[in-house]
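Chemist: As input, take work_22.txt (compact mmCIF, C-alpha atoms):
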```
# COMPACT_ATOMS: atom_id res chain seq x y z
CA LEU T 3 -65.49 -187.25 28.71
CA THR T 4 -63.83 -189.53 31.24
CA GLY T 5 -65.95 -192.49 30.14
CA ILE T 6 -65.21 -191.89 26.46
CA LEU T 7 -61.48 -191.58 27.10
CA ILE T 8 -61.44 -194.78 29.18
CA VAL T 9 -63.28 -196.73 26.45
CA VAL T 10 -61.03 -195.38 23.68
CA TRP T 11 -57.95 -196.05 25.77
CA LEU T 12 -59.03 -199.65 26.50
CA LEU T 13 -59.88 -200.34 22.85
CA THR T 14 -56.82 -198.76 21.24
CA ARG T 15 -54.25 -199.27 24.05
CA LYS T 16 -52.63 -195.96 23.04
CA LYS T 17 -50.93 -194.19 25.93
CA ILE T 18 -51.97 -190.73 24.73
CA PHE T 19 -55.58 -191.33 25.86
CA GLY T 20 -54.48 -192.52 29.32
CA LYS T 21 -52.17 -189.52 29.69
CA THR T 22 -54.93 -187.15 28.58
CA LEU T 23 -57.28 -188.69 31.16
CA GLY T 24 -54.60 -188.33 33.84
CA PHE T 25 -53.92 -184.68 32.97
CA ILE T 26 -57.63 -183.83 33.03
CA TRP T 27 -58.14 -185.35 36.48
CA LEU T 28 -54.87 -183.95 37.78
CA GLY T 29 -56.10 -180.50 36.69
CA VAL T 30 -59.47 -181.03 38.37
CA PHE T 31 -57.89 -182.13 41.68
CA GLY T 32 -55.36 -179.30 41.42
CA LEU T 33 -58.12 -176.71 41.00
CA VAL T 34 -60.12 -178.15 43.90
CA LEU T 35 -57.02 -178.09 46.12
CA LEU T 36 -56.09 -174.56 45.04
CA SER T 37 -59.66 -173.38 45.64
CA GLY T 38 -59.69 -174.91 49.13
CA ILE T 39 -56.37 -173.35 50.09
CA THR T 40 -57.41 -169.94 48.74
CA GLN T 41 -60.68 -170.06 50.65
CA TRP T 42 -58.89 -171.06 53.86
CA LEU T 43 -56.34 -168.24 53.49
CA THR T 44 -58.89 -165.53 52.75
CA ALA T 45 -61.79 -166.53 55.03
CA LYS T 46 -62.51 -164.03 57.80
CA LYS T 47 -61.80 -165.13 61.34
CA GLU T 48 -64.97 -166.24 63.14
CA LEU T 49 -64.90 -164.77 66.62
CA LYS T 50 -66.18 -166.31 69.81
CA LYS T 51 -66.53 -164.53 73.15
CA LYS T 52 -63.23 -165.93 74.42
CA ASP T 53 -61.40 -164.34 71.45
CA TYR T 54 -62.20 -160.89 72.86
CA TYR T 55 -60.43 -161.57 76.17
CA GLY T 56 -57.07 -159.82 76.46
CA GLN T 57 -55.34 -156.46 76.48
CA TYR T 58 -55.95 -153.82 73.82
CA ILE T 59 -53.86 -150.87 72.70
CA VAL T 60 -54.49 -148.10 70.20
CA HIS T 61 -53.85 -149.39 66.67
CA ARG T 62 -51.55 -146.70 65.24
CA ASP T 63 -51.03 -148.26 61.80
CA PHE T 64 -54.11 -146.71 60.17
CA PHE T 65 -53.50 -143.06 61.03
CA GLN T 66 -49.89 -142.50 61.97
CA GLY T 67 -48.81 -139.28 63.58
CA ARG T 68 -49.01 -137.22 66.72
CA GLN T 69 -52.72 -137.81 67.35
CA SER T 70 -52.53 -141.61 67.26
CA ASP T 71 -49.28 -141.54 69.27
CA TRP T 72 -51.00 -139.40 71.90
CA GLN T 73 -54.00 -141.76 72.00
CA TYR T 74 -51.66 -144.75 72.32
CA GLU T 75 -50.03 -143.19 75.39
CA HIS T 76 -53.36 -142.19 76.98
CA PHE T 77 -55.86 -145.01 76.34
CA ARG T 78 -55.90 -148.77 76.63
CA PHE T 79 -58.22 -151.41 78.01
CA GLU T 80 -58.46 -155.05 78.89
CA ILE T 81 -61.25 -157.59 78.85
CA LYS T 82 -60.90 -160.30 81.45
CA ASP T 83 -62.29 -163.83 81.27
CA ASN T 84 -64.87 -163.02 83.96
CA ASP T 85 -66.46 -160.74 81.30
CA SER T 86 -65.30 -157.51 82.94
CA ILE T 87 -63.77 -154.64 80.99
CA TYR T 88 -61.37 -152.08 82.41
CA PHE T 89 -60.72 -148.95 80.33
CA TYR T 90 -57.62 -147.08 81.44
CA VAL T 91 -56.89 -143.40 80.97
CA THR T 92 -53.13 -143.21 81.29
CA ASP T 93 -50.12 -140.99 81.12
CA LYS T 94 -47.83 -143.41 79.33
CA SER T 95 -47.27 -146.27 81.81
CA LYS T 96 -49.08 -144.59 84.74
CA ILE T 97 -52.82 -145.34 85.07
CA LEU T 98 -54.70 -142.13 85.97
CA GLN T 99 -58.29 -143.34 85.89
CA THR T 100 -60.13 -146.64 85.40
CA TYR T 101 -63.62 -147.07 83.94
CA LYS T 102 -65.30 -150.42 84.65
CA GLY T 103 -67.97 -152.38 82.88
CA VAL T 104 -69.04 -155.81 81.65
CA ILE T 105 -69.17 -157.37 78.22
CA THR T 106 -71.51 -159.71 76.47
CA THR T 107 -71.67 -160.87 72.89
CA THR T 108 -74.36 -161.38 70.33
CA LYS T 109 -74.20 -163.68 67.34
CA PRO T 110 -76.20 -162.17 64.48
CA TYR T 111 -74.28 -164.23 61.93
CA SER T 112 -71.35 -166.66 62.13
CA SER T 113 -69.12 -164.41 64.23
CA GLU T 114 -69.92 -162.98 67.67
CA ARG T 115 -70.08 -159.20 68.13
CA LEU T 116 -68.96 -157.40 71.27
CA ILE T 117 -71.46 -155.52 73.46
CA ILE T 118 -70.11 -153.30 76.23
CA ASN T 119 -72.11 -152.14 79.27
CA MET T 120 -70.13 -149.54 81.21
CA GLU T 121 -70.81 -148.09 84.64
CA GLN T 122 -72.00 -144.50 84.25
CA PRO T 123 -70.61 -141.94 83.81
CA THR T 124 -68.14 -143.39 81.35
CA HIS T 125 -65.41 -142.19 79.02
CA HIS T 126 -66.46 -140.66 75.69
CA ILE T 127 -64.72 -143.44 73.72
CA LEU T 128 -67.02 -146.02 75.32
CA THR T 129 -70.38 -144.33 74.67
CA SER T 130 -71.25 -146.89 71.96
CA ASN T 131 -70.39 -150.48 71.11
CA PRO T 132 -67.36 -151.02 68.91
CA THR T 133 -67.41 -152.17 65.32
CA THR T 134 -65.36 -155.32 64.80
CA TYR T 135 -63.28 -155.64 61.64
CA ARG T 136 -61.94 -159.09 60.88
CA SER T 137 -59.33 -160.49 58.52
CA ALA T 138 -58.23 -164.07 57.99
CA TRP T 139 -55.86 -164.00 60.96
CA THR T 140 -56.86 -161.24 63.34
CA PHE T 141 -59.37 -158.52 64.17
CA TYR T 142 -59.49 -155.00 65.53
CA LEU T 143 -62.13 -152.87 67.26
CA VAL T 144 -63.22 -149.38 66.25
CA PHE T 145 -64.96 -147.13 68.77
CA HIS T 146 -66.72 -143.96 67.71
CA SER T 147 -65.78 -141.06 69.94
CA PRO T 148 -67.59 -137.70 69.77
CA LYS T 149 -64.23 -135.99 70.36
CA PHE T 150 -61.85 -138.10 68.23
CA ASN T 151 -64.23 -139.71 65.71
CA ASN T 152 -62.93 -143.29 65.20
CA VAL T 153 -60.42 -144.79 67.64
CA TYR T 154 -58.86 -148.08 66.58
CA PHE T 155 -57.77 -150.73 69.07
CA LYS T 156 -55.96 -154.02 68.53
CA LYS T 157 -54.92 -156.76 70.89
CA GLY T 158 -51.47 -156.18 72.28
CA GLN T 159 -49.26 -155.42 75.21
CA TRP T 160 -48.60 -151.73 75.87
CA GLN T 161 -44.95 -150.81 75.37
CA PRO T 162 -43.27 -147.39 75.65
CA MET T 163 -42.91 -145.76 72.25
CA ASP T 164 -39.48 -145.29 70.70
CA LYS T 165 -38.89 -141.63 70.00
```
Once you've parsed the file, please lay out its structure as structure tokens.
Modeler:
Amino acid sequence: LTGILIVVWLLTRKKIFGKTLGFIWLGVFGLVLLSGITQWLTAKKELKKKDYYGQYIVHRDFFQGRQSDWQYEHFRFEIKDNDSIYFYVTDKSKILQTYKGVITTTKPYSSERLIINMEQPTHHILTSNPTTYRSAWTFYLVFHSPKFNNVYFKKGQWQPMDK
């Protein structure tokens, strides 16, 4: 189509064929650009081991209420860059008990998954490895607890709750 329009435009010298050619290619480049931007905005974050380092708090946005507020005030953990994990059982800001372990990662696909090896005995939240859920910008970890079912954690600094 481009070749035909160029030949017709050169033979007739009518601007309509040149404008049509320009609009077609402007549309093609526009679609390619829009597709690239959409893919970039919606692609899931690819995690590396260093992305897991940091402090984690209970993610209260999924199930709001007294239970998640209580969990927020009683559980948090941090993963340090020496691959150690410290799970804290707390009473608000006061740490009551610390469970220690180490982390590794595995890369079954494009993003690394977290593997936790805790010293035994450990807390019931940490009896299995977490499931990692990713979005374009962030991720959160879900631990299966025999007592609470799923417990959601996100990266963040613990702050006292406003009541």
Chemist: Which residue out of T:Lys16, T:Val34, T:Thr22, T:Glu75 has the minimum interatomic distance to Asp164 in chain T when only C-alpha atoms are used?
Modeler: T:Glu75
Chemist: Fewer than 6 positions away in the same chain doesn't count, so skip those; otherwise give me all residues within 10 Å of Leu43 in chain T, counting only C-alpha atoms, as a list in words.
Modeler: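 Near neighbours after the sequence-gap exclusion: Ser37, Ser137, Ala138 and Trp139 of chain T.
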Chemist: So, with all atoms listed in the file as the atoms that count, which of T:Leu3, T:Ile97, T:Ala45, T:Val153 lies closest to Asp63 in chain T?
Modeler: T:Val153
Chemist: Please report the interatomic distance between CA of Phe65 in chain T and CA of Phe145 in chain T in Å with one decimal.
Modeler: 14.4 Å
Chemist: Could you give me, as a list in words, the residues within 12 Å of Ile6 in chain T, counting only C-alpha atoms and dropping anything in the same chain fewer than 6 positions from it?
Modeler: Leu12, Leu13, Phe19, Gly20, Thr22 and Leu23 of chain T
Chemist: Just give me the gap between CA of Asp83 in chain T and CA of Tyr55 in chain T in Å, one decimal is fine.
Modeler: 5.9 Å
Chemist: So the first atom is CA of Thr124 in chain T and the second is CA of Pro148 in chain T; what is the distance between them in Å, to one decimal place?
Modeler: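 CA of Pro148 in chain T lies at a distance of 12.9 Å from CA of Thr124 in chain T.
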Chemist: Contacts of Arg78 in chain T at 8 Å or less, counting only C-alpha atoms, minus same-chain residues fewer than 4 places along, as a ChimeraX atom specification?
Modeler: /T:57-60,74,89-92,160
Chemist: For the residues in the current selection, export C-alpha atoms as a short mmCIF file (atom, residue, chain, number, x, y, z; two decimals), keeping the file's coordinate frame.
Modeler:
```
data_model
loop_
_atom_site.label_atom_id
_atom_site.label_comp_id
_atom_site.auth_asym_id
_atom_site.auth_seq_id
_atom_site.Cartn_x
_atom_site.Cartn_y
_atom_site.Cartn_z
CA GLN T 57 -55.34 -156.46 76.48
CA TYR T 58 -55.95 -153.82 73.82
CA ILE T 59 -53.86 -150.87 72.70
CA VAL T 60 -54.49 -148.10 70.20
CA TYR T 74 -51.66 -144.75 72.32
CA PHE T 89 -60.72 -148.95 80.33
CA TYR T 90 -57.62 -147.08 81.44
CA VAL T 91 -56.89 -143.40 80.97
CA THR T 92 -53.13 -143.21 81.29
CA TRP T 160 -48.60 -151.73 75.87
#
```
Chemist: The centre and edge lengths of an axis-aligned box containing all atoms of range 45-48 of chain T present in the file, extended by 6 Å on each side, are to be given in Å to one decimal, as JSON.
Modeler:
```
{"center_x": -63.4, "center_y": -165.3, "center_z": 59.1, "size_x": 15.2, "size_y": 14.5, "size_z": 20.1}
```
Chemist: Take the point (-61.0, -166.2, 57.7) in the file's coordinates, draw a sphere of radius 12 Å around it, and report as a CSV table (one decimal) with C-alpha atoms, in the coordinates of the input every protein, DNA or RNA residue with an atom inside or on it, counting only C-alpha atoms.
Modeler:
```
chain,number,residue,atom,x,y,z
T,39,ILE,CA,-56.4,-173.4,50.1
T,40,THR,CA,-57.4,-169.9,48.7
T,41,GLN,CA,-60.7,-170.1,50.6
T,42,TRP,CA,-58.9,-171.1,53.9
T,43,LEU,CA,-56.3,-168.2,53.5
T,44,THR,CA,-58.9,-165.5,52.8
T,45,ALA,CA,-61.8,-166.5,55.0
T,46,LYS,CA,-62.5,-164.0,57.8
T,47,LYS,CA,-61.8,-165.1,61.3
T,48,GLU,CA,-65.0,-166.2,63.1
T,49,LEU,CA,-64.9,-164.8,66.6
T,112,SER,CA,-71.4,-166.7,62.1
T,113,SER,CA,-69.1,-164.4,64.2
T,135,TYR,CA,-63.3,-155.6,61.6
T,136,ARG,CA,-61.9,-159.1,60.9
T,137,SER,CA,-59.3,-160.5,58.5
T,138,ALA,CA,-58.2,-164.1,58.0
T,139,TRP,CA,-55.9,-164.0,61.0
T,140,THR,CA,-56.9,-161.2,63.3
T,141,PHE,CA,-59.4,-158.5,64.2
```
Chemist: May I have the residues at most 10 Å from (-69.9, -145.3, 72.7) in the file's coordinates, counting all atoms listed in the file, as an NGL selection string?
Modeler: :T and (118-120 or 124-132 or 145-148)
Chemist: Give the answer as one residue: which of T:Gln159, T:Asn151, T:Thr14, T:Gln73 has the shortest atom-to-atom distance to Asp93 in chain T, using only C-alpha atoms?
Modeler: T:Gln73
